[in-house]
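> My structure is below; once you've seen it, I'll send some questions.
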Amino acid sequence: MSEKVESTGMELLKEIANVSGKGGLFRILKPSRAGVIVESLDEKHEKSLIGPTARVSVLKDVSIFTDGEEESAPLADVFLKIREVHGEQIAVQIKSASDKDLIEFLNEILPDFDRSRVYVSDIKKVITWYNLLSKHVPELFVAATEETPVEAEKNEA
């Protein structure tokens with residue numbers, strides 16, 4: 001399943017990044033000699049230059065620690081599972097939710113997450129990022145299965 005997902009919307013995660021010390025997510029526009037030019041994923045779409053010393057994490061490379069055979073689960077897979085269970089927006093309110101509520105949320109999505117290495121702050125980021133991406137980059141969640149009926153019609157003809 002992951003390979004099909006790679007060829008569709010989730011491949012866009014390579015263009016989305018988190019910048020340490022800055023809130024929200026950013027679309028990577030292009031590299032420059034002084035760093036990388038990014039655009040905020042919000043209503044403002046502010047462009048800014050992120051210097052070469054800043055910690056930039058591309059979401060395609062982010063994963064969540066697990067206890068299973070695999071040591072981690074790619075964020076793309078986690079986002080797709082959230083989409084299946086919660087739809088376009090996660091109803092959990094980060095500011096008012098208890099730590100227990102947040103842990104239960106992730107447990108529903110990824111039951112084998114490593115409770116000793118995944119912190120509540122990480123769960124809050126996942127929820128925030130998911131809601132931002134769902135709102136500002138909906139094409140990220142286009143499933144490969146949407147193309148299948150067209151291919152099936154071609155095969156029948």
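Labels for the structure tokens follow display order: chains A, B, ..., residues from 1 in each chain, ligands from 1.
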Using only C-alpha atoms, which residues sit within 12 Å of region 92-106 of chain A once same-chain residues fewer than 2 positions away are excluded, as an MDAnalysis selection string?
chainID A and resid 64:66 78:79 81:82 85:86 89:90 108:116 118:131
> Got a sec: who's within 9 Å of Gly24 (chain A), counting only C-alpha atoms, leaving out chain neighbours fewer than 3 positions off, as a ChimeraX atom specification?
/A:18-19,40-42,128-129,132
> DSSP on the backbone: what in chain A comes out strand (DSSP E or B), as a ChimeraX atom specification?
/A:16-19,26-32,35-40,47-50,56-58,63-66,72-74,113
> Hey, what does DSSP flag as helix (DSSP H, G or I) within region 14-107 of chain A? Can you give it to me as a list of chain:residue names?
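Of region 14-107 of chain A, only A:Lys14, A:Glu15, A:Leu59, A:Lys60, A:Asp61, A:Leu75, A:Ala76, A:Asp77, A:Val78, A:Phe79, A:Leu80, A:Lys81, A:Ile82, A:Arg83, A:Glu84, A:Val85, A:His86, A:Asp99, A:Lys100, A:Asp101, A:Leu102, A:Ile103, A:Glu104, A:Phe105, A:Leu106, A:Asn107 fall in helix (DSSP H, G or I).
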> Please save N, CA and C atoms of the selected residues as a PDB file, in the first residue's frame.

```pdb
ATOM      1  N   LYS A  14       7.495  15.749   0.581  1.00  0.00           N
ATOM      2  CA  LYS A  14       8.897  16.135   0.382  1.00  0.00           C
ATOM      3  C   LYS A  14       9.033  17.647   0.160  1.00  0.00           C
ATOM      4  N   GLU A  15       7.922  18.326  -0.089  1.00  0.00           N
ATOM      5  CA  GLU A  15       7.941  19.777  -0.291  1.00  0.00           C
ATOM      6  C   GLU A  15       7.496  20.547   0.949  1.00  0.00           C
ATOM      7  N   LEU A  59       8.868  16.750   6.078  1.00  0.00           N
ATOM      8  CA  LEU A  59       7.901  15.800   6.632  1.00  0.00           C
ATOM      9  C   LEU A  59       8.002  14.405   6.016  1.00  0.00           C
ATOM     10  N   LYS A  60       8.480  14.308   4.794  1.00  0.00           N
ATOM     11  CA  LYS A  60       8.653  12.997   4.154  1.00  0.00           C
ATOM     12  C   LYS A  60       9.632  12.136   4.944  1.00  0.00           C
ATOM     13  N   ASP A  61      10.577  12.772   5.656  1.00  0.00           N
ATOM     14  CA  ASP A  61      11.607  12.060   6.403  1.00  0.00           C
ATOM     15  C   ASP A  61      11.254  11.859   7.870  1.00  0.00           C
ATOM     16  N   LEU A  75       5.407   9.199   8.727  1.00  0.00           N
ATOM     17  CA  LEU A  75       4.336  10.161   8.990  1.00  0.00           C
ATOM     18  C   LEU A  75       3.244  10.077   7.922  1.00  0.00           C
ATOM     19  N   ALA A  76       3.611   9.796   6.683  1.00  0.00           N
ATOM     20  CA  ALA A  76       2.623   9.678   5.604  1.00  0.00           C
ATOM     21  C   ALA A  76       1.612   8.587   5.918  1.00  0.00           C
ATOM     22  N   ASP A  77       2.082   7.431   6.409  1.00  0.00           N
ATOM     23  CA  ASP A  77       1.176   6.336   6.760  1.00  0.00           C
ATOM     24  C   ASP A  77       0.274   6.724   7.925  1.00  0.00           C
ATOM     25  N   VAL A  78       0.847   7.427   8.895  1.00  0.00           N
ATOM     26  CA  VAL A  78       0.067   7.870  10.062  1.00  0.00           C
ATOM     27  C   VAL A  78      -1.024   8.846   9.612  1.00  0.00           C
ATOM     28  N   PHE A  79      -0.672   9.787   8.725  1.00  0.00           N
ATOM     29  CA  PHE A  79      -1.659  10.750   8.230  1.00  0.00           C
ATOM     30  C   PHE A  79      -2.796  10.042   7.493  1.00  0.00           C
ATOM     31  N   LEU A  80      -2.473   9.031   6.694  1.00  0.00           N
ATOM     32  CA  LEU A  80      -3.524   8.308   5.962  1.00  0.00           C
ATOM     33  C   LEU A  80      -4.446   7.563   6.917  1.00  0.00           C
ATOM     34  N   LYS A  81      -3.892   6.992   7.952  1.00  0.00           N
ATOM     35  CA  LYS A  81      -4.711   6.290   8.952  1.00  0.00           C
ATOM     36  C   LYS A  81      -5.610   7.294   9.686  1.00  0.00           C
ATOM     37  N   ILE A  82      -5.070   8.472  10.009  1.00  0.00           N
ATOM     38  CA  ILE A  82      -5.879   9.521  10.650  1.00  0.00           C
ATOM     39  C   ILE A  82      -7.031   9.898   9.728  1.00  0.00           C
ATOM     40  N   ARG A  83      -6.759  10.002   8.436  1.00  0.00           N
ATOM     41  CA  ARG A  83      -7.783  10.368   7.460  1.00  0.00           C
ATOM     42  C   ARG A  83      -8.907   9.333   7.462  1.00  0.00           C
ATOM     43  N   GLU A  84      -8.532   8.039   7.512  1.00  0.00           N
ATOM     44  CA  GLU A  84      -9.532   6.963   7.534  1.00  0.00           C
ATOM     45  C   GLU A  84     -10.423   7.061   8.770  1.00  0.00           C
ATOM     46  N   VAL A  85      -9.820   7.349   9.922  1.00  0.00           N
ATOM     47  CA  VAL A  85     -10.543   7.321  11.195  1.00  0.00           C
ATOM     48  C   VAL A  85     -11.263   8.631  11.489  1.00  0.00           C
ATOM     49  N   HIS A  86     -10.618   9.768  11.205  1.00  0.00           N
ATOM     50  CA  HIS A  86     -11.155  11.069  11.631  1.00  0.00           C
ATOM     51  C   HIS A  86     -11.636  11.972  10.497  1.00  0.00           C
ATOM     52  N   ASP A  99      -3.400  14.955  28.689  1.00  0.00           N
ATOM     53  CA  ASP A  99      -2.356  14.091  28.150  1.00  0.00           C
ATOM     54  C   ASP A  99      -2.932  12.720  27.826  1.00  0.00           C
ATOM     55  N   LYS A 100      -3.818  12.239  28.690  1.00  0.00           N
ATOM     56  CA  LYS A 100      -4.445  10.927  28.500  1.00  0.00           C
ATOM     57  C   LYS A 100      -5.255  10.906  27.203  1.00  0.00           C
ATOM     58  N   ASP A 101      -6.011  11.977  26.931  1.00  0.00           N
ATOM     59  CA  ASP A 101      -6.802  12.049  25.696  1.00  0.00           C
ATOM     60  C   ASP A 101      -5.899  11.999  24.463  1.00  0.00           C
ATOM     61  N   LEU A 102      -4.782  12.706  24.520  1.00  0.00           N
ATOM     62  CA  LEU A 102      -3.865  12.747  23.380  1.00  0.00           C
ATOM     63  C   LEU A 102      -3.212  11.385  23.149  1.00  0.00           C
ATOM     64  N   ILE A 103      -2.828  10.725  24.243  1.00  0.00           N
ATOM     65  CA  ILE A 103      -2.223   9.394  24.125  1.00  0.00           C
ATOM     66  C   ILE A 103      -3.244   8.402  23.573  1.00  0.00           C
ATOM     67  N   GLU A 104      -4.499   8.500  24.025  1.00  0.00           N
ATOM     68  CA  GLU A 104      -5.556   7.626  23.510  1.00  0.00           C
ATOM     69  C   GLU A 104      -5.800   7.875  22.022  1.00  0.00           C
ATOM     70  N   PHE A 105      -5.709   9.133  21.604  1.00  0.00           N
ATOM     71  CA  PHE A 105      -5.873   9.475  20.190  1.00  0.00           C
ATOM     72  C   PHE A 105      -4.820   8.744  19.356  1.00  0.00           C
ATOM     73  N   LEU A 106      -3.547   8.860  19.743  1.00  0.00           N
ATOM     74  CA  LEU A 106      -2.482   8.223  18.966  1.00  0.00           C
ATOM     75  C   LEU A 106      -2.573   6.701  19.066  1.00  0.00           C
ATOM     76  N   ASN A 107      -2.979   6.198  20.213  1.00  0.00           N
ATOM     77  CA  ASN A 107      -3.129   4.756  20.386  1.00  0.00           C
ATOM     78  C   ASN A 107      -4.177   4.190  19.423  1.00  0.00           C
TER      79      ASN A 107
END
```
> So what do you get for CA of Leu12 (chain A) versus CA of Leu140 (chain A), distance-wise?
6.2 Å
> Can you tell me which residues surround Ala34 (chain A) at a distance of at most 10 Å, considering only C-alpha atoms, apart from same-chain residues fewer than 5 positions away, and format the answer as a PDB file with all heavy atoms, in the first residue's frame?

```
ATOM      1  N   LEU A  49      13.142  33.626   4.080  1.00  0.00           N
ATOM      2  CA  LEU A  49      14.400  32.927   3.856  1.00  0.00           C
ATOM      3  C   LEU A  49      14.824  32.281   5.164  1.00  0.00           C
ATOM      4  O   LEU A  49      14.917  32.953   6.189  1.00  0.00           O
ATOM      5  CB  LEU A  49      15.475  33.919   3.376  1.00  0.00           C
ATOM      6  CG  LEU A  49      16.864  33.336   3.170  1.00  0.00           C
ATOM      7  CD1 LEU A  49      16.854  32.357   2.004  1.00  0.00           C
ATOM      8  CD2 LEU A  49      17.858  34.445   2.909  1.00  0.00           C
ATOM      9  N   ILE A  50      15.048  30.995   5.126  1.00  0.00           N
ATOM     10  CA  ILE A  50      15.508  30.264   6.293  1.00  0.00           C
ATOM     11  C   ILE A  50      17.005  30.044   6.113  1.00  0.00           C
ATOM     12  O   ILE A  50      17.437  29.472   5.110  1.00  0.00           O
ATOM     13  CB  ILE A  50      14.779  28.898   6.426  1.00  0.00           C
ATOM     14  CG1 ILE A  50      13.260  29.088   6.478  1.00  0.00           C
ATOM     15  CG2 ILE A  50      15.293  28.135   7.633  1.00  0.00           C
ATOM     16  CD1 ILE A  50      12.752  29.896   7.647  1.00  0.00           C
ATOM     17  N   GLY A  51      17.771  30.505   7.070  1.00  0.00           N
ATOM     18  CA  GLY A  51      19.224  30.427   6.984  1.00  0.00           C
ATOM     19  C   GLY A  51      19.762  29.015   7.017  1.00  0.00           C
ATOM     20  O   GLY A  51      19.070  28.068   7.410  1.00  0.00           O
ATOM     21  N   PRO A  52      21.023  28.857   6.640  1.00  0.00           N
ATOM     22  CA  PRO A  52      21.630  27.519   6.561  1.00  0.00           C
ATOM     23  C   PRO A  52      21.835  26.841   7.919  1.00  0.00           C
ATOM     24  O   PRO A  52      22.009  25.632   7.981  1.00  0.00           O
ATOM     25  CB  PRO A  52      22.978  27.773   5.872  1.00  0.00           C
ATOM     26  CG  PRO A  52      23.262  29.208   6.123  1.00  0.00           C
ATOM     27  CD  PRO A  52      21.944  29.900   6.218  1.00  0.00           C
ATOM     28  N   THR A  53      21.783  27.593   9.013  1.00  0.00           N
ATOM     29  CA  THR A  53      21.984  26.996  10.335  1.00  0.00           C
ATOM     30  C   THR A  53      20.676  26.541  10.989  1.00  0.00           C
ATOM     31  O   THR A  53      20.709  25.867  12.005  1.00  0.00           O
ATOM     32  CB  THR A  53      22.690  27.991  11.277  1.00  0.00           C
ATOM     33  OG1 THR A  53      21.895  29.173  11.378  1.00  0.00           O
ATOM     34  CG2 THR A  53      24.078  28.336  10.754  1.00  0.00           C
TER      35      THR A  53
END
```
> A:Glu70, A:Arg117, A:His136, A:Ala91: which is nearest Leu25 (chain A), counting only C-alpha atoms?
A:His136
> Between A:Val62, A:Val137, A:Val56, A:Val142, single out the one closest to Ser20 (chain A), counting only C-alpha atoms.
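Ranked by minimum distance to Ser20 (chain A), first place goes to A:Val56.
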> Pick out the closest residue to Phe141 (chain A) from this set: A:Arg55, A:Val36, A:Gly9, A:Pro74. Count only C-alpha atoms.
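Answer, going by the shortest atom-to-atom distance: A:Gly9.
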